[in-house]
Structures are given as C-alpha cells and as structure tokens.
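Visitor: If it helps, the file is called my_file.cif and holds mmCIF, C-alpha atoms:
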data_structure
#
loop_
_atom_site.label_atom_id
_atom_site.label_comp_id
_atom_site.auth_asym_id
_atom_site.auth_seq_id
_atom_site.Cartn_x
_atom_site.Cartn_y
_atom_site.Cartn_z
CA MET F 321 5.29 39.66 -99.61
CA ARG F 322 1.91 38.11 -98.88
CA PRO F 323 -0.53 37.37 -101.68
CA ASP F 324 -3.01 40.17 -102.24
CA PHE F 325 -6.72 39.64 -102.37
CA ILE F 326 -8.53 42.62 -103.87
CA ALA F 327 -12.07 43.35 -102.72
CA ARG F 328 -14.28 44.75 -105.47
CA ALA F 329 -17.73 46.31 -105.49
CA SER F 330 -19.70 48.40 -107.96
CA VAL F 331 -23.07 49.99 -108.43
CA VAL F 332 -24.88 52.06 -111.05
CA ILE F 333 -26.59 55.15 -109.65
CA ASN F 334 -29.33 57.11 -111.36
CA ALA F 335 -27.57 60.45 -110.93
CA SER F 336 -24.78 62.54 -112.41
CA ARG F 337 -21.13 61.99 -111.49
CA ASP F 338 -21.21 65.44 -109.86
CA ARG F 339 -24.02 64.43 -107.47
CA VAL F 340 -22.31 61.15 -106.61
CA TRP F 341 -18.97 62.90 -106.04
CA LYS F 342 -20.54 65.48 -103.73
CA ALA F 343 -22.01 62.68 -101.59
CA LEU F 344 -18.62 60.94 -101.41
CA VAL F 345 -16.85 64.00 -99.97
CA ASN F 346 -19.58 65.50 -97.77
CA PRO F 347 -19.25 64.56 -94.07
CA ALA F 348 -23.01 64.79 -93.39
CA ALA F 349 -23.82 62.62 -96.41
CA LEU F 350 -21.09 60.11 -95.57
CA LYS F 351 -22.46 59.68 -92.06
CA GLU F 352 -25.77 58.56 -93.59
CA PHE F 353 -24.40 55.81 -95.84
CA PHE F 354 -20.86 55.06 -94.62
CA PHE F 355 -21.76 52.92 -91.59
CA GLY F 356 -22.48 55.99 -89.46
CA SER F 357 -18.84 57.10 -89.58
CA ASP F 358 -17.76 60.63 -88.91
CA VAL F 359 -15.41 61.17 -91.85
CA ARG F 360 -13.09 64.14 -91.80
CA SER F 361 -10.80 65.38 -94.58
CA ASP F 362 -10.30 68.38 -96.82
CA TRP F 363 -10.11 65.91 -99.74
CA LYS F 364 -6.86 67.30 -101.08
CA GLU F 365 -4.10 64.96 -102.24
CA GLY F 366 -1.68 64.31 -99.39
CA SER F 367 -4.18 65.36 -96.70
CA PRO F 368 -5.18 63.15 -93.78
CA ILE F 369 -8.54 61.43 -93.60
CA THR F 370 -10.09 60.01 -90.44
CA TRP F 371 -13.12 57.86 -89.74
CA SER F 372 -14.58 57.53 -86.27
CA GLY F 373 -17.63 55.89 -84.80
CA VAL F 374 -18.71 52.52 -83.42
CA TRP F 375 -18.32 49.28 -85.41
CA GLU F 376 -19.85 46.05 -84.10
CA GLY F 377 -20.08 47.60 -80.64
CA LYS F 378 -16.49 48.87 -80.55
CA PRO F 379 -15.47 52.53 -80.85
CA TYR F 380 -12.87 53.18 -83.52
CA GLN F 381 -10.69 55.91 -84.99
CA ASP F 382 -9.34 54.87 -88.38
CA LYS F 383 -6.95 56.92 -90.44
CA GLY F 384 -5.40 57.32 -93.85
CA VAL F 385 -4.15 59.77 -96.45
CA VAL F 386 -5.88 61.05 -99.60
CA LEU F 387 -3.78 59.83 -102.54
CA LYS F 388 -5.95 61.10 -105.38
CA ALA F 389 -8.94 63.43 -105.54
CA GLU F 390 -10.19 64.15 -109.05
CA PRO F 391 -13.68 65.64 -108.66
CA ASP F 392 -16.36 63.70 -110.53
CA TYR F 393 -13.84 61.00 -111.55
CA ALA F 394 -11.71 59.35 -108.87
CA LEU F 395 -11.01 59.23 -105.16
CA GLN F 396 -8.20 57.15 -103.71
CA TYR F 397 -6.96 56.94 -100.15
CA THR F 398 -5.12 54.72 -97.73
CA HIS F 399 -6.93 53.25 -94.74
CA PHE F 400 -5.76 51.73 -91.47
CA SER F 401 -7.94 50.48 -88.64
CA PRO F 402 -6.51 49.70 -85.20
CA LEU F 403 -9.45 47.29 -84.77
CA THR F 404 -7.55 44.81 -86.96
CA GLY F 405 -5.08 44.31 -84.13
CA GLU F 406 -2.23 44.79 -86.61
CA PRO F 407 0.57 47.30 -85.92
CA ASP F 408 0.29 50.75 -87.51
CA LYS F 409 2.78 50.09 -90.31
CA PRO F 410 2.53 50.90 -94.04
CA GLU F 411 2.20 47.22 -94.95
CA ASN F 412 -1.02 47.05 -92.89
CA TYR F 413 -2.79 49.84 -94.77
CA HIS F 414 -5.35 49.25 -97.51
CA THR F 415 -5.62 51.42 -100.59
CA VAL F 416 -9.23 52.17 -101.50
CA THR F 417 -9.91 53.39 -105.02
CA ILE F 418 -13.32 54.74 -106.09
CA GLU F 419 -13.82 55.53 -109.76
CA LEU F 420 -16.83 57.25 -111.31
CA SER F 421 -17.74 56.79 -114.96
CA ASP F 422 -20.71 57.45 -117.19
CA ALA F 423 -23.21 54.64 -117.70
CA GLY F 424 -25.55 56.31 -120.15
CA LYS F 425 -27.28 59.00 -118.10
CA GLN F 426 -26.31 57.22 -114.91
CA THR F 427 -23.03 56.90 -113.00
CA ARG F 428 -21.09 53.69 -112.46
CA VAL F 429 -19.18 53.61 -109.19
CA ALA F 430 -16.39 51.02 -109.12
CA LEU F 431 -14.51 50.44 -105.87
CA THR F 432 -11.45 48.34 -105.04
CA GLN F 433 -9.66 47.72 -101.75
CA ASP F 434 -6.26 46.07 -101.88
CA ASN F 435 -4.03 44.41 -99.30
CA ASN F 436 -6.57 42.00 -97.84
CA PRO F 437 -4.48 39.26 -96.22
CA THR F 438 -6.80 36.32 -96.93
CA GLU F 439 -9.64 35.34 -99.20
CA ASP F 440 -12.02 35.51 -96.22
CA ALA F 441 -10.87 39.07 -95.49
CA GLN F 442 -11.35 39.94 -99.16
CA LEU F 443 -14.91 38.56 -99.16
CA HIS F 444 -15.75 40.33 -95.88
CA SER F 445 -14.45 43.64 -97.27
CA ALA F 446 -16.34 43.17 -100.55
CA ARG F 447 -19.60 42.57 -98.63
CA ASN F 448 -19.05 45.72 -96.57
CA TRP F 449 -18.31 47.78 -99.69
CA HIS F 450 -21.42 46.43 -101.47
CA THR F 451 -23.45 47.52 -98.44
CA MET F 452 -21.85 50.97 -98.45
CA LEU F 453 -22.41 51.42 -102.20
CA ALA F 454 -26.05 50.35 -101.85
CA GLY F 455 -26.41 53.04 -99.17
CA LEU F 456 -24.72 55.60 -101.43
CA LYS F 457 -27.12 54.71 -104.25
CA LYS F 458 -30.16 55.04 -101.98
CA PHE F 459 -28.88 58.33 -100.54
CA VAL F 460 -28.07 59.96 -103.90
CA GLU F 461 -31.20 58.75 -105.70
CA ARG F 462 -33.58 60.06 -103.03
CA LYS F 463 -32.08 63.57 -103.13
#
Would you put the structure from the file into structure tokens?

Guide:
Amino acid sequence: MRPDFIARASVVINASRDRVWKALVNPAALKEFFFGSDVRSDWKEGSPITWSGVWEGKPYQDKGVVLKAEPDYALQYTHFSPLTGEPDKPENYHTVTIELSDAGKQTRVALTQDNNPTEDAQLHSARNWHTMLAGLKKFVERK
C-alpha cells in the first residue's frame, strides 16, 4: 500500500448550512464555482456522480459514487479521472469528504481528498480545492 497524502481545504462562509448545501448539490450552481464542470447526480447514497467539461484544454468525463449525503451536514463521494492516466481501478479513486458545521452564524466547510500518491499531488489537489471553496464562498455570499 502506498503512503497516503490527504489534501485539505476549508473556508468559512457567511451563510446558513442550508444555503451552502443547496449550492453543493445544484448542477447550475456547481457549474459556476466547480471549474465549469457539468456535475450530474441525484445525490443519494450509492448513486453515480459524473463531472464533465474541459480541464487545462482537455475534455474530461470523471466519475464516482455518492457514499454519504446528509443534507446540511456532509457529502462524501469517490472520484476517478481518466486524465490521470491511471487505470480505472478502485485503488485509483479518491474519496472526497465535505463537512458543514456552524461557525457562529456562518458555516465552516471542511474538505478532504484522500489517496493522493505523492506530496506534490496532495499540494496540487489542496490548491484546487482552495480555489473551488473560494468560488463556493463567493457564489453563496452574493446570493
């Protein structure tokens, strides 16, 4: 088993957990702050989730499965991208966990992504997640 490097990112958003949750599971909202991805899922545990779009000039179709969907509290899913060049095997999937908690009258969003193969991959993922969470914050706070 390879060592695991966990990417972490968090943000505090001036909005209720309900408003943040709704943005996290709404395809139109996600397209605005999730790197322009078309995200499709019914957000039920065990259901598929797909992301499609263009990343760094390359079209992609990523996939995963919703592992946990607790409205206003937690969203967890697996994620695999063929752009990695790795084979589509369970050991090449990440697990992304997004947890919402109260921070006074605001909402703290804490995100982790496991199964990064190297420290560089971990840092790259963390930067991407910080960017996504900054976009989520901007999106939710302007509504």

Visitor: Running the PyMOL selection byres ((chain F and resi 326-342) around 9) on this model by hand, what would come out? Give it as a PDB file with C-alpha atoms, in the coordinates of the input.

Guide:
ATOM      1  CA  ASP F 324      -3.010  40.170-102.240  1.00  0.00           C
ATOM      2  CA  PHE F 325      -6.720  39.640-102.370  1.00  0.00           C
ATOM      3  CA  ALA F 343     -22.010  62.680-101.590  1.00  0.00           C
ATOM      4  CA  LEU F 344     -18.620  60.940-101.410  1.00  0.00           C
ATOM      5  CA  VAL F 345     -16.850  64.000 -99.970  1.00  0.00           C
ATOM      6  CA  ASN F 346     -19.580  65.500 -97.770  1.00  0.00           C
ATOM      7  CA  ALA F 349     -23.820  62.620 -96.410  1.00  0.00           C
ATOM      8  CA  PRO F 391     -13.680  65.640-108.660  1.00  0.00           C
ATOM      9  CA  ASP F 392     -16.360  63.700-110.530  1.00  0.00           C
ATOM     10  CA  TYR F 393     -13.840  61.000-111.550  1.00  0.00           C
ATOM     11  CA  ALA F 394     -11.710  59.350-108.870  1.00  0.00           C
ATOM     12  CA  LEU F 395     -11.010  59.230-105.160  1.00  0.00           C
ATOM     13  CA  LEU F 420     -16.830  57.250-111.310  1.00  0.00           C
ATOM     14  CA  SER F 421     -17.740  56.790-114.960  1.00  0.00           C
ATOM     15  CA  ASP F 422     -20.710  57.450-117.190  1.00  0.00           C
ATOM     16  CA  ALA F 423     -23.210  54.640-117.700  1.00  0.00           C
ATOM     17  CA  LYS F 425     -27.280  59.000-118.100  1.00  0.00           C
ATOM     18  CA  GLN F 426     -26.310  57.220-114.910  1.00  0.00           C
ATOM     19  CA  THR F 427     -23.030  56.900-113.000  1.00  0.00           C
ATOM     20  CA  ARG F 428     -21.090  53.690-112.460  1.00  0.00           C
ATOM     21  CA  VAL F 429     -19.180  53.610-109.190  1.00  0.00           C
ATOM     22  CA  ALA F 430     -16.390  51.020-109.120  1.00  0.00           C
ATOM     23  CA  LEU F 431     -14.510  50.440-105.870  1.00  0.00           C
ATOM     24  CA  THR F 432     -11.450  48.340-105.040  1.00  0.00           C
ATOM     25  CA  GLN F 433      -9.660  47.720-101.750  1.00  0.00           C
ATOM     26  CA  ASP F 434      -6.260  46.070-101.880  1.00  0.00           C
ATOM     27  CA  ASN F 435      -4.030  44.410 -99.300  1.00  0.00           C
ATOM     28  CA  ASN F 436      -6.570  42.000 -97.840  1.00  0.00           C
ATOM     29  CA  GLU F 439      -9.640  35.340 -99.200  1.00  0.00           C
ATOM     30  CA  ALA F 441     -10.870  39.070 -95.490  1.00  0.00           C
ATOM     31  CA  GLN F 442     -11.350  39.940 -99.160  1.00  0.00           C
ATOM     32  CA  LEU F 443     -14.910  38.560 -99.160  1.00  0.00           C
ATOM     33  CA  HIS F 444     -15.750  40.330 -95.880  1.00  0.00           C
ATOM     34  CA  SER F 445     -14.450  43.640 -97.270  1.00  0.00           C
ATOM     35  CA  ALA F 446     -16.340  43.170-100.550  1.00  0.00           C
ATOM     36  CA  ARG F 447     -19.600  42.570 -98.630  1.00  0.00           C
ATOM     37  CA  TRP F 449     -18.310  47.780 -99.690  1.00  0.00           C
ATOM     38  CA  HIS F 450     -21.420  46.430-101.470  1.00  0.00           C
ATOM     39  CA  LEU F 453     -22.410  51.420-102.200  1.00  0.00           C
ATOM     40  CA  ALA F 454     -26.050  50.350-101.850  1.00  0.00           C
ATOM     41  CA  LEU F 456     -24.720  55.600-101.430  1.00  0.00           C
ATOM     42  CA  LYS F 457     -27.120  54.710-104.250  1.00  0.00           C
ATOM     43  CA  LYS F 458     -30.160  55.040-101.980  1.00  0.00           C
ATOM     44  CA  VAL F 460     -28.070  59.960-103.900  1.00  0.00           C
ATOM     45  CA  GLU F 461     -31.200  58.750-105.700  1.00  0.00           C
TER      46      GLU F 461
END

Visitor: Using the chain letters and numbers from this file, what does the PyMOL selection byres ((chain F and resi 361) around 10) select? Give the answer as a PyMOL selection string.

Guide: chain F and resi 345-347+359-360+362-364+367-371+384-386

Visitor: Could you give me, as a PDB file with C-alpha atoms, in the frame of the given file, the residues that sit within 12 Å of (1.2, 48.3, -96.4) in the file's coordinates, counting all atoms listed in the file?

Guide:
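And here's out-v3.pdb as it stands now:
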ATOM      1  CA  MET F 321       5.290  39.660 -99.610  1.00  0.00           C
ATOM      2  CA  ARG F 322       1.910  38.110 -98.880  1.00  0.00           C
ATOM      3  CA  ASP F 324      -3.010  40.170-102.240  1.00  0.00           C
ATOM      4  CA  GLY F 384      -5.400  57.320 -93.850  1.00  0.00           C
ATOM      5  CA  THR F 398      -5.120  54.720 -97.730  1.00  0.00           C
ATOM      6  CA  HIS F 399      -6.930  53.250 -94.740  1.00  0.00           C
ATOM      7  CA  PHE F 400      -5.760  51.730 -91.470  1.00  0.00           C
ATOM      8  CA  GLU F 406      -2.230  44.790 -86.610  1.00  0.00           C
ATOM      9  CA  PRO F 407       0.570  47.300 -85.920  1.00  0.00           C
ATOM     10  CA  ASP F 408       0.290  50.750 -87.510  1.00  0.00           C
ATOM     11  CA  LYS F 409       2.780  50.090 -90.310  1.00  0.00           C
ATOM     12  CA  PRO F 410       2.530  50.900 -94.040  1.00  0.00           C
ATOM     13  CA  GLU F 411       2.200  47.220 -94.950  1.00  0.00           C
ATOM     14  CA  ASN F 412      -1.020  47.050 -92.890  1.00  0.00           C
ATOM     15  CA  TYR F 413      -2.790  49.840 -94.770  1.00  0.00           C
ATOM     16  CA  HIS F 414      -5.350  49.250 -97.510  1.00  0.00           C
ATOM     17  CA  THR F 415      -5.620  51.420-100.590  1.00  0.00           C
ATOM     18  CA  ASP F 434      -6.260  46.070-101.880  1.00  0.00           C
ATOM     19  CA  ASN F 435      -4.030  44.410 -99.300  1.00  0.00           C
ATOM     20  CA  ASN F 436      -6.570  42.000 -97.840  1.00  0.00           C
ATOM     21  CA  PRO F 437      -4.480  39.260 -96.220  1.00  0.00           C
TER      22      PRO F 437
END

Visitor: Quick one: apply the PyMOL selection byres ((chain F and resi 379) around 12) to the file and drop the selected residues here as a list in words.

Guide: Gly356, Ser357, Asp358, Trp371, Ser372, Gly373, Val374, Trp375, Glu376, Gly377, Lys378, Tyr380, Gln381, Asp382, Ser401, Pro402 and Leu403 of chain F

Visitor: Have a look at atom CA of F:Glu419 and atom CA of F:Gln396 and let me know their distance in Å, one decimal.

Guide: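 Computing it gives 8.4 Å between the two atoms.
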
Visitor: Go through F:Met452, F:Phe459, F:Gly366, F:Val416 one by one, measure the shortest atom-to-atom distance of each to F:Ala348 using all atoms listed in the file, and give the residue with the smallest value.

Guide: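 For F:Ala348, the nearest of the given residues is F:Phe459.
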
Visitor: Considering all atoms listed in the file, state which residue in the set F:Leu387, F:Glu365, F:Leu350, F:Thr404 is at the smallest distance from F:Gly455.

Guide: F:Leu350

Visitor: Would you fill out stretch 377-402 of chain F with N, CA and C atoms and return it as a PDB file, in the frame of the given file?

Guide:
ATOM      1  N   GLY F 377     -20.133  47.334 -82.069  1.00  0.00           N
ATOM      2  CA  GLY F 377     -20.080  47.600 -80.640  1.00  0.00           C
ATOM      3  C   GLY F 377     -18.773  48.150 -80.116  1.00  0.00           C
ATOM      4  N   LYS F 378     -17.797  48.365 -80.995  1.00  0.00           N
ATOM      5  CA  LYS F 378     -16.490  48.870 -80.550  1.00  0.00           C
ATOM      6  C   LYS F 378     -16.229  50.244 -81.151  1.00  0.00           C
ATOM      7  N   PRO F 379     -15.837  51.210 -80.302  1.00  0.00           N
ATOM      8  CA  PRO F 379     -15.470  52.530 -80.850  1.00  0.00           C
ATOM      9  C   PRO F 379     -14.178  52.410 -81.663  1.00  0.00           C
ATOM     10  N   TYR F 380     -14.083  53.218 -82.696  1.00  0.00           N
ATOM     11  CA  TYR F 380     -12.870  53.180 -83.520  1.00  0.00           C
ATOM     12  C   TYR F 380     -12.490  54.578 -83.984  1.00  0.00           C
ATOM     13  N   GLN F 381     -11.224  54.709 -84.339  1.00  0.00           N
ATOM     14  CA  GLN F 381     -10.690  55.910 -84.990  1.00  0.00           C
ATOM     15  C   GLN F 381      -9.707  55.405 -86.036  1.00  0.00           C
ATOM     16  N   ASP F 382     -10.178  55.320 -87.280  1.00  0.00           N
ATOM     17  CA  ASP F 382      -9.340  54.870 -88.380  1.00  0.00           C
ATOM     18  C   ASP F 382      -8.685  56.075 -89.033  1.00  0.00           C
ATOM     19  N   LYS F 383      -7.647  55.802 -89.813  1.00  0.00           N
ATOM     20  CA  LYS F 383      -6.950  56.920 -90.440  1.00  0.00           C
ATOM     21  C   LYS F 383      -6.378  56.508 -91.784  1.00  0.00           C
ATOM     22  N   GLY F 384      -6.025  57.531 -92.561  1.00  0.00           N
ATOM     23  CA  GLY F 384      -5.400  57.320 -93.850  1.00  0.00           C
ATOM     24  C   GLY F 384      -4.980  58.648 -94.445  1.00  0.00           C
ATOM     25  N   VAL F 385      -4.600  58.581 -95.712  1.00  0.00           N
ATOM     26  CA  VAL F 385      -4.150  59.770 -96.450  1.00  0.00           C
ATOM     27  C   VAL F 385      -4.829  59.753 -97.817  1.00  0.00           C
ATOM     28  N   VAL F 386      -5.296  60.918 -98.259  1.00  0.00           N
ATOM     29  CA  VAL F 386      -5.880  61.050 -99.600  1.00  0.00           C
ATOM     30  C   VAL F 386      -4.736  60.969-100.611  1.00  0.00           C
ATOM     31  N   LEU F 387      -4.802  60.005-101.511  1.00  0.00           N
ATOM     32  CA  LEU F 387      -3.780  59.830-102.540  1.00  0.00           C
ATOM     33  C   LEU F 387      -4.165  60.523-103.849  1.00  0.00           C
ATOM     34  N   LYS F 388      -5.464  60.497-104.144  1.00  0.00           N
ATOM     35  CA  LYS F 388      -5.950  61.100-105.380  1.00  0.00           C
ATOM     36  C   LYS F 388      -7.352  61.637-105.138  1.00  0.00           C
ATOM     37  N   ALA F 389      -7.608  62.833-105.636  1.00  0.00           N
ATOM     38  CA  ALA F 389      -8.940  63.430-105.540  1.00  0.00           C
ATOM     39  C   ALA F 389      -9.192  64.206-106.829  1.00  0.00           C
ATOM     40  N   GLU F 390      -9.831  63.539-107.772  1.00  0.00           N
ATOM     41  CA  GLU F 390     -10.190  64.150-109.050  1.00  0.00           C
ATOM     42  C   GLU F 390     -11.702  64.285-109.082  1.00  0.00           C
ATOM     43  N   PRO F 391     -12.223  65.475-108.749  1.00  0.00           N
ATOM     44  CA  PRO F 391     -13.680  65.640-108.660  1.00  0.00           C
ATOM     45  C   PRO F 391     -14.411  65.067-109.867  1.00  0.00           C
ATOM     46  N   ASP F 392     -15.471  64.335-109.553  1.00  0.00           N
ATOM     47  CA  ASP F 392     -16.360  63.700-110.530  1.00  0.00           C
ATOM     48  C   ASP F 392     -15.739  62.492-111.228  1.00  0.00           C
ATOM     49  N   TYR F 393     -14.502  62.120-110.878  1.00  0.00           N
ATOM     50  CA  TYR F 393     -13.840  61.000-111.550  1.00  0.00           C
ATOM     51  C   TYR F 393     -13.252  59.948-110.623  1.00  0.00           C
ATOM     52  N   ALA F 394     -12.418  60.355-109.664  1.00  0.00           N
ATOM     53  CA  ALA F 394     -11.710  59.350-108.870  1.00  0.00           C
ATOM     54  C   ALA F 394     -11.340  59.876-107.488  1.00  0.00           C
ATOM     55  N   LEU F 395     -11.439  58.974-106.520  1.00  0.00           N
ATOM     56  CA  LEU F 395     -11.010  59.230-105.160  1.00  0.00           C
ATOM     57  C   LEU F 395     -10.216  58.017-104.712  1.00  0.00           C
ATOM     58  N   GLN F 396      -9.027  58.250-104.182  1.00  0.00           N
ATOM     59  CA  GLN F 396      -8.200  57.150-103.710  1.00  0.00           C
ATOM     60  C   GLN F 396      -7.548  57.566-102.394  1.00  0.00           C
ATOM     61  N   TYR F 397      -7.554  56.640-101.441  1.00  0.00           N
ATOM     62  CA  TYR F 397      -6.960  56.940-100.150  1.00  0.00           C
ATOM     63  C   TYR F 397      -6.464  55.657 -99.492  1.00  0.00           C
ATOM     64  N   THR F 398      -5.546  55.847 -98.540  1.00  0.00           N
ATOM     65  CA  THR F 398      -5.120  54.720 -97.730  1.00  0.00           C
ATOM     66  C   THR F 398      -6.056  54.633 -96.524  1.00  0.00           C
ATOM     67  N   HIS F 399      -6.063  53.457 -95.896  1.00  0.00           N
ATOM     68  CA  HIS F 399      -6.930  53.250 -94.740  1.00  0.00           C
ATOM     69  C   HIS F 399      -6.266  52.255 -93.789  1.00  0.00           C
ATOM     70  N   PHE F 400      -6.242  52.631 -92.520  1.00  0.00           N
ATOM     71  CA  PHE F 400      -5.760  51.730 -91.470  1.00  0.00           C
ATOM     72  C   PHE F 400      -6.743  51.765 -90.317  1.00  0.00           C
ATOM     73  N   SER F 401      -7.071  50.579 -89.800  1.00  0.00           N
ATOM     74  CA  SER F 401      -7.940  50.480 -88.640  1.00  0.00           C
ATOM     75  C   SER F 401      -7.231  49.735 -87.516  1.00  0.00           C
ATOM     76  N   PRO F 402      -7.086  50.388 -86.353  1.00  0.00           N
ATOM     77  CA  PRO F 402      -6.510  49.700 -85.200  1.00  0.00           C
ATOM     78  C   PRO F 402      -7.322  48.479 -84.768  1.00  0.00           C
TER      79      PRO F 402
END
